[in-house]
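J.: Here's a structure for you.
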Amino acid sequence: LAQEYGVSRIALREATAALESHGVIEIRHGSGIWVVKPLGDSTPIPDSEGGVLELIEARRILESEVAALAAHLATTDDIAELERLIVSMQNPDYQKAEEADRAFHHKLADITRNGALISLVEHLWEWRYQLQSLHSLRIQEAEFGNRERSAQHTTLLAAIKNHSPAGARKAMQIHLDEIQEVVLNAFEAKAIESLRQ
């Protein structure tokens, strides 16, 4: 490594010690240096109930404005793709319905043609999957039935079809408020179960 990067062995030793102290690598004597956590692989949101609520709040703020902008800019082809994704959300296979849901939100960001918004929406969704405290509640199965999920997206799509930024913003806020309510109920049920035990 010292030769490859053109640095002294002392500099390399200091760099590996710094990476080890940050929990990125683990030095195993006799085995080598192992990557424990790749840089940039973590979320800035705490993996806790509070972190889950922070994420929903961030999504509500950002994705509501993305929806409003998408309502202003959506083409006929964009609307057709969103309609196709809503149909896919009704798939009885939860994983496929979930993928369609994520694709719908990504498509809204794509419609804005704003690279920063597209990237931010993608990051919010990635962080959603990284929060173990969210997955431990089995929110994926509980969030909505597929019918409820597609109904909320259909309301959002109607506002986009009407090129109503205010309607799209409101529909997205309602959608994410519903998600927050389900999450809060799940946290409450988990706390009650914990008290019972």
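Following the order of the structure tokens, first chain is A, next is B, and so on, with residues numbered from 1 inside each chain and ligands from 1 in the order they appear.
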Can you pull out every residue within 8 Å of stretch 172-176 of chain A, counting only C-alpha atoms, but drop anything in the same chain fewer than 6 positions away, and send it as a list in words?

T.: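 My reading of the contact set: Ile56, Arg59, Arg60, Glu63, Ser64, Ala67, Gln152, His153 and Leu156 of chain A.
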
J.: Write the residues of the selection above to a file with N, CA and C atoms, as a PDB file, in the first residue's frame.

T.:
ATOM      1  N   ILE A  56     -38.983  10.469   8.119  1.00  0.00           N
ATOM      2  CA  ILE A  56     -40.318  10.743   7.566  1.00  0.00           C
ATOM      3  C   ILE A  56     -40.532  12.246   7.424  1.00  0.00           C
ATOM      4  N   ARG A  59     -38.606  13.439   4.428  1.00  0.00           N
ATOM      5  CA  ARG A  59     -39.303  13.034   3.205  1.00  0.00           C
ATOM      6  C   ARG A  59     -40.517  13.925   2.959  1.00  0.00           C
ATOM      7  N   ARG A  60     -41.252  14.224   4.029  1.00  0.00           N
ATOM      8  CA  ARG A  60     -42.461  15.047   3.887  1.00  0.00           C
ATOM      9  C   ARG A  60     -42.111  16.421   3.322  1.00  0.00           C
ATOM     10  N   GLU A  63     -40.182  15.610  -0.473  1.00  0.00           N
ATOM     11  CA  GLU A  63     -40.979  14.963  -1.513  1.00  0.00           C
ATOM     12  C   GLU A  63     -42.278  15.705  -1.804  1.00  0.00           C
ATOM     13  N   SER A  64     -42.777  16.494  -0.864  1.00  0.00           N
ATOM     14  CA  SER A  64     -43.965  17.305  -1.143  1.00  0.00           C
ATOM     15  C   SER A  64     -43.644  18.364  -2.200  1.00  0.00           C
ATOM     16  N   ALA A  67     -43.146  16.664  -5.571  1.00  0.00           N
ATOM     17  CA  ALA A  67     -44.452  16.364  -6.185  1.00  0.00           C
ATOM     18  C   ALA A  67     -45.051  17.616  -6.816  1.00  0.00           C
ATOM     19  N   GLN A 152     -53.615   6.016  -2.360  1.00  0.00           N
ATOM     20  CA  GLN A 152     -52.959   7.284  -2.031  1.00  0.00           C
ATOM     21  C   GLN A 152     -52.137   7.803  -3.204  1.00  0.00           C
ATOM     22  N   HIS A 153     -51.473   6.910  -3.903  1.00  0.00           N
ATOM     23  CA  HIS A 153     -50.692   7.335  -5.059  1.00  0.00           C
ATOM     24  C   HIS A 153     -51.605   7.760  -6.209  1.00  0.00           C
ATOM     25  N   LEU A 156     -52.529  11.305  -5.618  1.00  0.00           N
ATOM     26  CA  LEU A 156     -51.383  12.129  -5.990  1.00  0.00           C
ATOM     27  C   LEU A 156     -51.284  12.267  -7.502  1.00  0.00           C
TER      28      LEU A 156
END

J.: Looking only at strand (DSSP E or B) from DSSP on the backbone, list the matching residues of stretch 1-180 of chain A as a list in words.

T.: Ile25, Glu26, Ile27, Arg28, Gly32, Ile33, Trp34 and Val35 of chain A

J.: Could you check the closest approach to A:Glu20 for each of A:Leu73, A:Val66, A:Val35, A:Leu131 and tell me which residue wins, using only C-alpha atoms?

T.: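 Smallest separation from A:Glu20 among the options: A:Val35.
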
J.: Using only C-alpha atoms, which residue out of A:Val121, A:Met89, A:Ala58, A:Leu1 lies closest to A:Asp177?

T.: A:Ala58

J.: Out of stretch 40-69 of chain A, which residues get helix (DSSP H, G or I) from DSSP, as number ranges by chain?

T.: A: 49-69
